[in-house]
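Asker: Data: query_23.txt, compact mmCIF, N, CA and C atoms.
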```
# COMPACT_ATOMS: atom_id res chain seq x y z
N MET A 1 0.81 -1.20 0.00
CA MET A 1 0.00 0.00 0.00
C MET A 1 0.85 1.26 0.00
N ALA A 2 2.02 1.24 0.61
CA ALA A 2 2.84 2.45 0.67
C ALA A 2 3.29 2.88 -0.73
N GLY A 3 3.65 1.92 -1.58
CA GLY A 3 4.06 2.26 -2.93
C GLY A 3 2.93 2.89 -3.73
N GLU A 4 1.71 2.41 -3.51
CA GLU A 4 0.55 2.97 -4.21
C GLU A 4 0.29 4.40 -3.78
N ALA A 5 0.41 4.69 -2.51
CA ALA A 5 0.21 6.04 -2.01
C ALA A 5 1.29 6.98 -2.54
N GLU A 6 2.52 6.50 -2.67
CA GLU A 6 3.61 7.32 -3.19
C GLU A 6 3.37 7.66 -4.65
N ARG A 7 2.90 6.71 -5.44
CA ARG A 7 2.65 6.96 -6.85
C ARG A 7 1.54 7.99 -7.04
N ARG A 8 0.50 7.91 -6.23
CA ARG A 8 -0.60 8.86 -6.34
C ARG A 8 -0.16 10.28 -6.02
N SER A 9 0.85 10.45 -5.18
CA SER A 9 1.28 11.78 -4.81
C SER A 9 2.11 12.45 -5.90
N GLU A 10 2.41 11.75 -6.97
CA GLU A 10 3.22 12.33 -8.05
C GLU A 10 2.36 12.95 -9.14
N TRP A 11 1.04 12.97 -8.98
CA TRP A 11 0.18 13.55 -10.02
C TRP A 11 0.41 15.04 -10.23
N PRO A 12 0.81 15.84 -9.21
CA PRO A 12 1.04 17.27 -9.49
C PRO A 12 2.18 17.49 -10.48
N LEU A 13 3.27 16.76 -10.31
CA LEU A 13 4.39 16.88 -11.24
C LEU A 13 4.01 16.37 -12.62
N ALA A 14 3.29 15.26 -12.67
CA ALA A 14 2.88 14.71 -13.97
C ALA A 14 1.94 15.67 -14.70
N LEU A 15 1.02 16.27 -13.99
CA LEU A 15 0.07 17.20 -14.62
C LEU A 15 0.77 18.44 -15.16
N SER A 16 1.61 19.06 -14.35
CA SER A 16 2.32 20.25 -14.83
C SER A 16 3.31 19.89 -15.92
N GLY A 17 3.90 18.71 -15.84
CA GLY A 17 4.81 18.25 -16.89
C GLY A 17 4.10 18.01 -18.21
N LEU A 18 2.90 17.47 -18.16
CA LEU A 18 2.12 17.26 -19.38
C LEU A 18 1.76 18.58 -20.05
N VAL A 19 1.41 19.58 -19.25
CA VAL A 19 1.10 20.90 -19.82
C VAL A 19 2.36 21.49 -20.46
N ALA A 20 3.51 21.35 -19.80
CA ALA A 20 4.76 21.88 -20.34
C ALA A 20 5.14 21.15 -21.64
N VAL A 21 4.96 19.85 -21.69
CA VAL A 21 5.26 19.08 -22.91
C VAL A 21 4.31 19.49 -24.03
N ALA A 22 3.05 19.73 -23.70
CA ALA A 22 2.10 20.21 -24.72
C ALA A 22 2.57 21.55 -25.29
N GLY A 23 3.11 22.40 -24.44
CA GLY A 23 3.66 23.67 -24.90
C GLY A 23 4.85 23.48 -25.81
N LEU A 24 5.74 22.54 -25.45
CA LEU A 24 6.90 22.27 -26.31
C LEU A 24 6.48 21.71 -27.66
N ILE A 25 5.48 20.85 -27.67
CA ILE A 25 4.98 20.32 -28.94
C ILE A 25 4.35 21.43 -29.77
N THR A 26 3.58 22.29 -29.12
CA THR A 26 2.95 23.40 -29.82
C THR A 26 3.99 24.35 -30.42
N LEU A 27 5.02 24.68 -29.67
CA LEU A 27 6.01 25.60 -30.21
C LEU A 27 6.84 24.97 -31.31
N THR A 28 6.99 23.65 -31.29
CA THR A 28 7.76 22.98 -32.32
C THR A 28 7.00 22.88 -33.63
N PHE A 29 5.73 22.53 -33.57
CA PHE A 29 4.99 22.22 -34.78
C PHE A 29 3.98 23.28 -35.20
N HIS A 30 3.67 24.23 -34.34
CA HIS A 30 2.65 25.21 -34.67
C HIS A 30 3.20 26.62 -34.44
N ASP A 31 2.64 27.35 -33.52
CA ASP A 31 3.04 28.73 -33.26
C ASP A 31 3.97 28.78 -32.06
N TRP A 32 5.16 29.39 -32.23
CA TRP A 32 6.14 29.38 -31.15
C TRP A 32 5.67 30.20 -29.95
N ARG A 33 4.98 31.32 -30.19
CA ARG A 33 4.55 32.17 -29.07
C ARG A 33 3.50 31.46 -28.21
N ASN A 34 2.53 30.83 -28.84
CA ASN A 34 1.53 30.09 -28.07
C ASN A 34 2.17 28.93 -27.31
N GLY A 35 3.14 28.28 -27.91
CA GLY A 35 3.84 27.18 -27.25
C GLY A 35 4.59 27.65 -26.02
N ILE A 36 5.25 28.80 -26.14
CA ILE A 36 5.98 29.36 -24.99
C ILE A 36 5.01 29.70 -23.86
N LEU A 37 3.86 30.28 -24.22
CA LEU A 37 2.88 30.64 -23.19
C LEU A 37 2.27 29.42 -22.54
N ILE A 38 2.04 28.36 -23.30
CA ILE A 38 1.53 27.12 -22.71
C ILE A 38 2.58 26.51 -21.79
N PHE A 39 3.85 26.52 -22.22
CA PHE A 39 4.93 26.02 -21.39
C PHE A 39 5.01 26.80 -20.07
N ALA A 40 4.94 28.13 -20.17
CA ALA A 40 4.96 28.96 -18.97
C ALA A 40 3.76 28.65 -18.08
N GLY A 41 2.62 28.37 -18.70
CA GLY A 41 1.45 27.97 -17.93
C GLY A 41 1.67 26.69 -17.15
N GLY A 42 2.41 25.76 -17.73
CA GLY A 42 2.74 24.53 -17.01
C GLY A 42 3.60 24.79 -15.79
N VAL A 43 4.57 25.70 -15.92
CA VAL A 43 5.43 26.05 -14.78
C VAL A 43 4.62 26.80 -13.72
N LEU A 44 3.76 27.71 -14.17
CA LEU A 44 2.92 28.44 -13.22
C LEU A 44 1.90 27.51 -12.55
N LEU A 45 1.43 26.50 -13.28
CA LEU A 45 0.56 25.49 -12.67
C LEU A 45 1.29 24.74 -11.57
N ALA A 46 2.56 24.42 -11.80
CA ALA A 46 3.35 23.75 -10.76
C ALA A 46 3.46 24.65 -9.53
N ALA A 47 3.65 25.95 -9.73
CA ALA A 47 3.72 26.88 -8.59
C ALA A 47 2.38 26.92 -7.85
N LEU A 48 1.30 26.96 -8.60
CA LEU A 48 -0.03 26.98 -7.98
C LEU A 48 -0.30 25.70 -7.20
N LEU A 49 0.09 24.57 -7.75
CA LEU A 49 -0.10 23.30 -7.04
C LEU A 49 0.77 23.24 -5.80
N ARG A 50 1.97 23.80 -5.87
CA ARG A 50 2.85 23.81 -4.70
C ARG A 50 2.28 24.68 -3.60
N VAL A 51 1.60 25.78 -3.99
CA VAL A 51 0.96 26.64 -3.01
C VAL A 51 -0.20 25.94 -2.34
N SER A 52 -1.01 25.25 -3.12
CA SER A 52 -2.28 24.74 -2.62
C SER A 52 -2.19 23.37 -1.97
N LEU A 53 -1.17 22.59 -2.26
CA LEU A 53 -1.08 21.24 -1.72
C LEU A 53 -0.15 21.19 -0.51
N SER A 54 -0.40 20.23 0.35
CA SER A 54 0.49 20.04 1.50
C SER A 54 1.83 19.49 1.01
N ASP A 55 2.82 19.48 1.88
CA ASP A 55 4.13 18.99 1.50
C ASP A 55 4.09 17.53 1.04
N ASN A 56 3.32 16.71 1.73
CA ASN A 56 3.23 15.30 1.35
C ASN A 56 2.49 15.12 0.03
N ALA A 57 1.45 15.90 -0.19
CA ALA A 57 0.67 15.75 -1.42
C ALA A 57 1.39 16.34 -2.63
N ALA A 58 2.33 17.26 -2.41
CA ALA A 58 3.04 17.89 -3.53
C ALA A 58 3.99 16.93 -4.23
N GLY A 59 4.40 15.88 -3.55
CA GLY A 59 5.26 14.88 -4.17
C GLY A 59 6.59 15.47 -4.62
N LEU A 60 6.97 15.21 -5.87
CA LEU A 60 8.25 15.67 -6.38
C LEU A 60 8.30 17.16 -6.68
N LEU A 61 7.19 17.87 -6.55
CA LEU A 61 7.25 19.33 -6.64
C LEU A 61 7.92 19.92 -5.41
N ARG A 62 8.00 19.14 -4.36
CA ARG A 62 8.67 19.58 -3.13
C ARG A 62 10.16 19.30 -3.28
N VAL A 63 10.95 20.36 -3.50
CA VAL A 63 12.38 20.20 -3.69
C VAL A 63 13.14 20.77 -2.50
N ARG A 64 12.87 22.03 -2.20
CA ARG A 64 13.49 22.70 -1.06
C ARG A 64 12.38 23.10 -0.09
N GLY A 65 12.51 24.24 0.50
CA GLY A 65 11.46 24.74 1.37
C GLY A 65 10.26 25.19 0.54
N ARG A 66 9.12 25.28 1.18
CA ARG A 66 7.87 25.63 0.48
C ARG A 66 7.98 27.00 -0.21
N MET A 67 8.45 28.02 0.51
CA MET A 67 8.55 29.35 -0.08
C MET A 67 9.55 29.40 -1.22
N PHE A 68 10.67 28.73 -1.07
CA PHE A 68 11.68 28.69 -2.13
C PHE A 68 11.09 28.09 -3.40
N ASP A 69 10.41 26.96 -3.27
CA ASP A 69 9.80 26.30 -4.43
C ASP A 69 8.78 27.21 -5.10
N ILE A 70 7.94 27.85 -4.31
CA ILE A 70 6.88 28.71 -4.86
C ILE A 70 7.48 29.90 -5.59
N VAL A 71 8.43 30.57 -4.95
CA VAL A 71 9.04 31.76 -5.56
C VAL A 71 9.80 31.39 -6.82
N LEU A 72 10.54 30.29 -6.79
CA LEU A 72 11.30 29.88 -7.96
C LEU A 72 10.38 29.50 -9.13
N LEU A 73 9.38 28.68 -8.88
CA LEU A 73 8.47 28.27 -9.95
C LEU A 73 7.68 29.45 -10.51
N ALA A 74 7.17 30.29 -9.62
CA ALA A 74 6.40 31.45 -10.09
C ALA A 74 7.29 32.43 -10.84
N GLY A 75 8.50 32.63 -10.37
CA GLY A 75 9.42 33.55 -11.03
C GLY A 75 9.83 33.06 -12.41
N VAL A 76 10.16 31.78 -12.51
CA VAL A 76 10.55 31.23 -13.82
C VAL A 76 9.36 31.24 -14.77
N GLY A 77 8.19 30.84 -14.29
CA GLY A 77 7.01 30.85 -15.15
C GLY A 77 6.66 32.24 -15.64
N ALA A 78 6.72 33.23 -14.75
CA ALA A 78 6.42 34.61 -15.14
C ALA A 78 7.47 35.14 -16.10
N ALA A 79 8.75 34.82 -15.87
CA ALA A 79 9.81 35.29 -16.76
C ALA A 79 9.68 34.70 -18.16
N VAL A 80 9.38 33.43 -18.26
CA VAL A 80 9.21 32.78 -19.56
C VAL A 80 8.00 33.38 -20.28
N ALA A 81 6.91 33.59 -19.56
CA ALA A 81 5.71 34.18 -20.17
C ALA A 81 5.99 35.60 -20.64
N LEU A 82 6.68 36.38 -19.83
CA LEU A 82 7.01 37.76 -20.20
C LEU A 82 7.90 37.80 -21.43
N LEU A 83 8.92 36.96 -21.46
CA LEU A 83 9.80 36.90 -22.63
C LEU A 83 9.04 36.46 -23.88
N GLY A 84 8.13 35.52 -23.71
CA GLY A 84 7.31 35.09 -24.84
C GLY A 84 6.42 36.19 -25.38
N LEU A 85 6.00 37.09 -24.51
CA LEU A 85 5.13 38.18 -24.93
C LEU A 85 5.88 39.37 -25.52
N ILE A 86 7.10 39.63 -25.06
CA ILE A 86 7.78 40.84 -25.50
C ILE A 86 8.71 40.63 -26.70
N ILE A 87 9.08 39.41 -27.00
CA ILE A 87 9.97 39.16 -28.15
C ILE A 87 9.17 39.38 -29.42
N PRO A 88 9.66 40.23 -30.32
CA PRO A 88 8.92 40.47 -31.56
C PRO A 88 8.99 39.28 -32.51
N ASN A 89 8.03 39.22 -33.41
CA ASN A 89 8.03 38.14 -34.39
C ASN A 89 9.20 38.31 -35.32
```
Please go through the file and, once you have read it, give me the structure as C-alpha cells.

Answerer:
Amino acid sequence: MAGEAERRSEWPLALSGLVAVAGLITLTFHDWRNGILIFAGGVLLAALLRVSLSDNAAGLLRVRGRMFDIVLLAGVGAAVALLGLIIPN
C-alpha cells in the first residue's frame, strides 16, 4: 500500500509536466509564441499546485522549502511568459 500512495502523490508533477510538454509540442509544430505561453502555464501550474497542496501531497514538486519552491516556480514561469510576450516576431 505504501508504494501505491507514493505513486498517487506524483500527479502534481505529472500534470504540470504534461502541460509543459504540450507547450513544447505546440512551439515545435505550430506557433512558437503560443507554445511558450503554454509552457509557462505549465510552470505556473506547478507553482499553484505547490501553493495549494500540503508537502506530502506535492510529491516531487517539493524540492526545497515551500517558499523557495513557490518563488522559484512562479518567477521562472512569469519570466518565460514575459519573454514570450515581448519578443517580436

Asker: Taking 4 positions as the minimum chain separation for residues in the same chain, which residues sit within 9 Å of Leu60 in chain A when counting only C-alpha atoms? Answer as a VMD selection string.

Answerer: chain A and resid 9 to 10 12 to 13

Asker: So which residues touch Leu85 in chain A within 10 Å, counting only C-alpha atoms, skipping near sequence neighbours fewer than 4 positions away, as a list in words?

Answerer: Arg33, Asn34, Ile36, Leu37, Ala79, Val80, Ala81 and Asn89 of chain A

Asker: What does the structure give for the distance between CA of Ala74 in chain A and CA of Gly17 in chain A, in Å to one decimal?

Answerer: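 Computed distance, CA of Ala74 in chain A to CA of Gly17 in chain A, equals 14.9 Å.
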
Asker: One decimal, in Å: what's the spacing between atom C of Leu72 in chain A and atom C of Leu48 in chain A?

Answerer: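 Computing it gives 11.5 Å between the two atoms.
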
Asker: Dump as a ChimeraX atom specification all residues having an atom at most 12 Å from (4.4, 30.5, -29.0), computed in the file's coordinates with only C-alpha atoms.

Answerer: /A:22-41,80-89

Asker: Report the residues of chain A whose backbone DSSP state falls under alpha helix (DSSP H), written as number ranges by chain.

Answerer: A: 2-8, 11-29, 32-52, 55-58, 66-86

Asker: Show which residues sit within 12 Å of Leu61 in chain A, as an MDAnalysis selection string. Count only C-alpha atoms, and ignore same-chain residues fewer than 4 positions away.

Answerer: chainID A and resid 9:17 43 45:57 65:66 68:70 72:73

Asker: Calculate how many Å separate atom C of Val76 in chain A from atom C of Val19 in chain A, rounding to one decimal.

Answerer: 13.3 Å
